[in-house]
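Below is one structure, written out as structure tokens, with a few remarks after it.
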Amino acid sequence: MKKFIASLLMLLFIFSSISHPLASPSQNSNKLAVLFILDRTGIEDLKKYDLPNIKKLMEKGSLALMNTRTAGSYSEPAAYLTIGTGTRAAVGEMGGLCFNKNEAYAYTSAENLYYLYTGREVGDNDIVNIGIQDLISQASNLNYTVTPGLLGQILKEHGINVYVFGNGDVKTPYGTAYNRYAALIGMDKEGLARGDVSESLLLRDENSPYMVKANYKKLYEKFLEASKEGGLIIIDPGDTLRADAFSKYTTPSLANSYKEKALKEADELIGKILNHMNLSKDLFIALSPYPSSSDISKNNLITPVIVAGPSFSKGLATSNTTKREGIVTNLDIAPTILKYFNISPPIEMLGHPIKTIPSDNALSKLLKDDEMIVSVHNARTPILKGYASIFIILVILYIVLLFIKKDYLGYISPLLLAVITVPLTFLILPLLGPLNLYSNVIAIVLITIAIDLLVMLSSKKDLDRVMIISLITSFAILVDLVLHAPLMKDSLLGYDVISGARYYGIGNEYMGVLLGSLIMGTALFTEKYPKKIVKATTFLLFIAAFFLMVMPQFGAKVGAFITGFMAFGTVILMMSGVKITKKHFLIMFVLMAISLTLMFAISTFLGTMTHMAQTTLIVKAEGINSLFQIFARKLQMELKLMKYTIWSWVLVISIVALFVVSYKPTGVLQEAFKNHKYIYTGFFGSIVGMLFALGFNDAGIVAAATMCIYAIPPILLLLQKK
């Protein structure tokens, strides 16, 4: 045994010692990349307006919807900075202030102010961020590594030129609102960049919002001059921002015409730039870092991005960050640019290079996806709160009636069955397409009633009905995972692309549902048919579910590995006749830890880019302190959820209900478990799963609460007969 452990540790050491070689920079002198900013533009705008050059770009390149989430409060400068850091960043009061060094601001030049704030000379740079220390301070308050100016710094260190041209300044009688956020993408870590973001790139135009517009001729000349030396050129005409900001002061029809004008002039500049480029070797990215005010009012915080160039073709863009066709994040832009210049992105960049999935109808598909994503985002919170509230009310009502009016419990049983059915309904619901809030509610009620009527017709016993619903739910989730979660992706209980917590695999909500429904469903089935073949089938189902939850190409969830291993392991041992002790838990936990470590090592060695592998690489690059930061971040999220989410109340009420029925009527629950040992096995395994879900998952309280949905009702129904 000692030799085995020693060999295992040696194997892990060898795996962990293997480094992925960094791609050495090739000759980049002739490489040209352009990042074109179309701020506050939505996917609908690409269809709505006649933009011939952008449409040609989509014919040659890849299109996607981009998550624009940042750290802290959602703001425009933070969205730009996040693109430049490759990690979600935050911007304070001064962090977005970028100027040409000779521009006047606050009674002196920006160059003098920069020196006053930093004590450093500007040198031969053209642009200064006078709030760079504010950005650094904001980054230090986050519990993960963020380096403002990281993209520009890396390119600079590799001898690659970076230029920034243009601004979205808004001039009013009350002063100028400086919107030079493009510099936040291209600056180095000292807040310095080359280029021009001054007013000299604006023209007076009485027919444009705020009576100014971009000087497109000058922007093109700046591009031509900078492109001679190659490198990254960031261009932000700013007119789309000005048109959107002006929309609140004018009529909808005029606001539309101003936006159309801004997009058409930007489209003409894109056409001129593309005529100067060769997309077989040059890279062109057009994107909107921040959504329009109209989209924000609809809670639509995803924006379009088009990527064209070598290795990109007509189709949908994706990345290993999302593993979802047509969806990328703002974290993926910097790694994509670095990869183009043959530079390996640093591990602190949490995004991944964008790649293509061929498709002939990318725009029409993404228009539908956008509608579905917004529909899910807007309906998710109110519906899940309502669902959780109903569960809480039913459990409380059941406990009360159990003591004062037990005869009335028969009226509550169908409602408990409905509550257990709803997660299955949520999985089916995306088949109906995008629905508004009220249509979602009506559809949920009708589908749930239909399923329950069929189940009630098939069986007269309440526990059998719970068994059927639980098994159907778990099988449906397993099939969906095998098919790479087409339903889960659009389910109200699945992912929310706009919040950006998860994009692929199995989330905490359905992890809890799968564990709870499969454990209690098989336990109830074994109680009904206590045969060896049933137990053997149960074990195989557990193994299949476990691997579908944790394998990178399916569930890809580390928390599911820990929770599933312990919960399924407990049930398997108890069904095998083992009386669980502390020793058994310790052995299971050690085996789980060894297996998880092996999986980490193999995942890293094979280069499979999952959350698990990325965590390993971060710890390897930044040391053990980064692991503590990850734990702190997860704990912080857990505490926040406990305080604010209604799922915490689901868990609390479930615990209170169990406590009450454990002691009153005296001995009834213990007697029920003695006569239904497999139900007890399923219940005990579920409790183990809840504890490990809470302890080893970010937002584990959600997984624990959704497990309660299947663990608590069978116990209440069991007591109803006593």
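Chain labels follow the order of the structure tokens: the first chain is A, the next B, and so on; residue numbering restarts at 1 in every chain, and ligands are counted from 1 in their shown order.
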Q.
Which of region 158-292 of chain A end up as alpha helix (DSSP H) when DSSP is run on this backbone - answer as a PyMOL selection string?
A. chain A and resi 183-186+216-227+239-246+252-276
Q: For Phe692 (chain A), please output as a PyMOL selection string all residues within 9 Å (counting only C-alpha atoms; exclusion window: fewer than 2 positions along the same chain).
A: chain A and resi 559+562-564+566-567+687-690+694-697+700+704
Q.
One number please: CA of Tyr411 (chain A) to CA of Tyr398 (chain A), in Å, one decimal.
A.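 We find that CA of Tyr411 (chain A) and CA of Tyr398 (chain A) lie 10.0 Å from each other.
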Q: Going by DSSP on the backbone, which bits of region 56-262 of chain A are strand (DSSP E or B)? Write them as JSON, numbers by chain, please.
A: {"A": [62, 63, 64, 65, 66, 67, 98, 99, 100, 104, 105, 108, 109, 127, 128, 129, 162, 163, 164, 165, 170, 171, 172, 175, 176, 177, 192, 193, 194, 195, 196, 202, 203, 204, 212, 213, 214, 231, 232, 233, 234, 235]}
Q: Name the residues in contact with Ala89 (chain A) at a cut-off of 9 Å, using only C-alpha atoms, excluding same-chain residues fewer than 6 positions from it; report them as number ranges by chain.
A: A: 70-72, 78-79, 81-83, 135, 138-139, 142, 146-148
Q. Mind pulling up the distance from CA of Gly231 (chain A) to CA of Ile154 (chain A)?
A.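 Between CA of Ile154 (chain A) and CA of Gly231 (chain A) the gap is 12.2 Å.
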Q: Between A:Pro423, A:Ser294, A:Asn342, A:Ala182, single out the one closest to Lys31 (chain A), counting only C-alpha atoms.
A: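 Once distances to Lys31 (chain A) are computed over only C-alpha atoms, the minimum belongs to A:Asn342.
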